[in-house]
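Colleague: Sending over a structure as structure tokens; questions will come in a sec.
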Amino acid sequence: MVNEENGSPKIEISARTKTVGVVLLIAGVVLGIISYLVDPGRTSFSYLVSYMYLFSVGVGALFLVALEYAAGAVWSVFFRRICEFLAAIVPLLIILAIPLFFNLHDVFHWTHANVIASDRVVRGKVGYLNIPFLLIRLGIILIIFTIFYMVIIKNSRKQDKTPDPNLTTKNVRFSLIYIVIFAFAITIISIDWMMSIEPHWYSTIFGVYFFAGITWVSLAFTTLIAVNLKEKGHLKKVNKDHFYSLGTLMFAFTCFWGYIAFSQYMLIWIGNIPEETAWFFHRWTGPWVVISIVLIISHFFVPFFALLSYPSKTNFGRLKFISIWIMVVHFIDLYWLIMPGMNIYGQTYYFSWGDVVFPLAVLGIIILVFSNVAKKHNIVPVGDPKLERAADFRL
């Protein structure tokens, strides 16, 4: 259903899609709780992977909004609201972080007093790696992200009713500040909640690796939604050149991720320092070697060749396929980053059905959040001063 306001359509997500979202969310929550009751320690690993995935989509979408404002981009104006709607996940991250606080001892080796007493490396990091400081850092970062979300989105929506170019100017300033904070914040998050699972290991570009994945998956969600909206008769002024630009960005971040992933591996391989190589050794032994090879192929080669040509970046079927592919592969990537940490310090990795149920809840949350916001606000920022130029965009 389409409602008209200020010359721009609002969209009403179908009841069937909403029902799917509700079912997925309820199934994920109920089965997740059962999983916690049966095996709380193992389930904490599963929940962490899914939380980092939802974090990637929400915070990454807000980054894309800020990037457009900061860069003064024209072609992406029609897609910005999609990113804004996805960014509505950000405030929820505060509440959804609460389950992370339970069973920290099962996930993080450095939380054990006997480990601190016996492990010189861990003891040297105790000023940073301690539970109170860990939770304080997470809380501050999520609150800062939420504040920026509220301010930037408020100005964007206000501009629909009051086409004041000063609102764009304000958002440009806020976006520039946000991008700087975003860079530091996601690095801290990646170190705290993924890299520190194996506290002897460190990588100076781990945060950049995480950034590449965050942006990549956010672009995939944006592209999939944009294509579906276009096919259903929305975004009428969006042409193939707009989608080509979106596809090019996905292709660029495919290459960027490949560059960062290879650089991290190559430098550690050349250095051959035991504390660094052990992390990769865990992922190149046993069943993890298969996932490592699959990740290389699926995360780089498949999307690289799928998006290489001009027609592939404008073909709706191809864009939808590769967007879904990227969504799945990013989850595999996070799984690969986190789960092998179970194999250290006497623990043994084993598959848990919790690994499957939490992603269901995540997908349900994304569907419901997007549906709820989309029916209330214009899908196109009608008051944006760049909108006319965006409609005339041609390569």
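Here, A, B, ... name the chains of the structure tokens in the order displayed, residue numbers run from 1 inside each chain, and ligands are numbered from 1 in the same displayed order.
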May I have the residues within 10 Å of Tyr310 (chain A) as number ranges by chain, using only C-alpha atoms and disregarding those fewer than 2 positions away in the same chain?
Modeller: A: 244, 247-248, 307-308, 312-315
Colleague: For region 61-178 of chain A against region 378-383 of chain A, with a cut-off of 8 Å and counting only C-alpha atoms, what is the closest atom pair and its distance in Å to one decimal for every residue that makes the cut, ordered by chain and number, as a Markdown table?
Modeller:
```
| residue | atom | partner | partner_atom | distance |
| --- | --- | --- | --- | --- |
| A:Val77 | CA | A:Pro381 | CA | 7.4 |
| A:Phe78 | CA | A:Val380 | CA | 5.7 |
| A:Phe79 | CA | A:Val380 | CA | 7.7 |
| A:Arg80 | CA | A:Val380 | CA | 7.8 |
| A:Arg81 | CA | A:Ile379 | CA | 5.7 |
| A:Ile82 | CA | A:Ile379 | CA | 7.1 |
| A:Ser156 | CA | A:Pro381 | CA | 7.2 |
| A:Arg157 | CA | A:Pro381 | CA | 7.3 |
| A:Gln159 | CA | A:Gly383 | CA | 5.0 |
| A:Asp160 | CA | A:Gly383 | CA | 4.5 |
| A:Lys161 | CA | A:Gly383 | CA | 7.0 |
| A:Thr162 | CA | A:Gly383 | CA | 6.8 |
| A:Pro163 | CA | A:Gly383 | CA | 4.4 |
| A:Asp164 | CA | A:Gly383 | CA | 7.5 |
```
Colleague: Write the residues you've just listed into a file as a compact mmCIF listing (two decimals), in the first residue's frame, and include C-alpha atoms for each of them.
Modeller:
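Result went into selection-v3.txt, see below:
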```txt
# COMPACT_ATOMS: atom_id res chain seq x y z
CA VAL A 77 20.03 10.47 -1.79
CA PHE A 78 17.24 8.10 -2.85
CA PHE A 79 18.84 5.26 -0.88
CA ARG A 80 19.60 7.21 2.28
CA ARG A 81 16.23 6.61 3.91
CA ILE A 82 16.71 2.87 3.59
CA SER A 156 16.70 14.40 8.20
CA ARG A 157 13.02 13.79 8.97
CA GLN A 159 13.66 18.46 6.57
CA ASP A 160 10.71 16.63 4.98
CA LYS A 161 8.38 19.21 6.52
CA THR A 162 10.76 22.18 6.56
CA PRO A 163 13.10 22.08 3.53
CA ASP A 164 15.77 24.05 5.38
```
Colleague: For Val172 (chain A), please output as a list in words all residues within 10 Å (counting only C-alpha atoms; exclusion window: fewer than 6 positions along the same chain).
Modeller: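 Listed by chain and then number, they are Ala66, Leu67, Glu68, Tyr69, Ala70, Ala71, Gly72, Ile152, Asn166 and Tyr178 of chain A.
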Colleague: Which of region 6-249 of chain A end up as strand (DSSP E or B) when DSSP is run on this backbone - answer as a ChimeraX atom specification?
Modeller: /A:8-11
Colleague: Grab the CA of Ile89 (chain A) to CA of Ile322 (chain A) distance for me, in Å with one decimal place.
Modeller: 22.9 Å
Colleague: Can you work out the spacing between CA of Lys158 (chain A) and CA of Leu229 (chain A) in Å, to one decimal?
Modeller: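 Separating CA of Lys158 (chain A) from CA of Leu229 (chain A) is a distance of 23.2 Å.
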Colleague: Can you work out which one of A:Val30, A:Ile179, A:Met52, A:Ile11 has the shortest atom-to-atom distance to Gly233 (chain A), counting only C-alpha atoms?
Modeller: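 Smallest separation from Gly233 (chain A) among the options: A:Ile11.
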Colleague: Residues at most 10 Å from Thr187 (chain A), counting only C-alpha atoms, excluding those fewer than 2 positions away in the same chain, as a list of chain:residue names?
Modeller: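 Final neighbour list, sorted by chain and number: A:Ile181, A:Phe182, A:Ala183, A:Phe184, A:Ala185, A:Ile189, A:Ser190, A:Ile191, A:Asp192, A:Thr204, A:Ile205, A:Phe206, A:Gly207, A:Val208, A:Tyr209, A:Phe210, A:Phe211.
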Colleague: DSSP on the backbone: which residues in region 228-360 of chain A end up as helix (DSSP H, G or I)? Give the answer as a count of residues only.
Modeller: 105
Colleague: What's the separation between CA of Val217 (chain A) and CA of Lys375 (chain A), in Å to one decimal place?
Modeller: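 Going from CA of Val217 (chain A) over to CA of Lys375 (chain A), I get 23.6 Å.
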Colleague: With only C-alpha atoms as the counted atoms, please give the residues lying no more than 8 Å from region 271-283 of chain A, apart from itself and same-chain residues fewer than 3 positions off, as a PyMOL selection string.
Modeller: chain A and resi 198+200-203+265+267-268+286+288-289+292+336+340+343
Colleague: Counting only C-alpha atoms, which of A:Ala261, A:Leu363, A:Val329, A:Ala252 gets nearest to Val294 (chain A)?
Modeller: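 Smallest distance to Val294 (chain A) is found for A:Val329.
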Colleague: Sorted by chain and rising residue number, list the residues of region 196-226 of chain A at most 12 Å from region 365-373 of chain A (counting only C-alpha atoms), each with its closest atom pair and distance in Å to one decimal, as a Markdown table.
Modeller:
```
| residue | atom | partner | partner_atom | distance |
| --- | --- | --- | --- | --- |
| A:Ser218 | CA | A:Ile366 | CA | 11.7 |
| A:Phe221 | CA | A:Ile366 | CA | 9.8 |
| A:Thr222 | CA | A:Phe370 | CA | 11.2 |
| A:Ile225 | CA | A:Phe370 | CA | 9.9 |
```
Colleague: Between A:Ala390, A:Ile98, A:Leu395, A:Ile34, which has the minimum distance to Lys237 (chain A) (counting only C-alpha atoms)?
Modeller: A:Ala390
Colleague: So, with only C-alpha atoms as the atoms that count, which of A:Ala220, A:Tyr335, A:Phe243, A:Met150 lies closest to Phe321 (chain A)?
Modeller: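 The closest residue to Phe321 (chain A) is A:Ala220.
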Colleague: Which one of A:Phe251, A:Phe262, A:Trp353, A:Tyr345 sits closest to Ser309 (chain A) if you count only C-alpha atoms?
Modeller: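 Ranked by minimum distance to Ser309 (chain A), first place goes to A:Phe251.
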Colleague: Using only C-alpha atoms, determine which residues lie at most 10 Å from Ser352 (chain A), disregarding the query and same-chain residues fewer than 2 positions distant; provide the list as a list in words.
Modeller: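 Using only C-alpha atoms, the neighbours found are Ser35, Asp39, Arg42, Thr43, Phe45, Ser46, Tyr349, Tyr350, Gly354, Asp355, Val356 and Val357 of chain A.
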Colleague: Counting only C-alpha atoms, which residue out of A:Leu295, A:Leu142, A:Leu37, A:Val122 sits closest to Ala97 (chain A)?
Modeller: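 With only C-alpha atoms as the atom set, the closest residue is A:Leu142.
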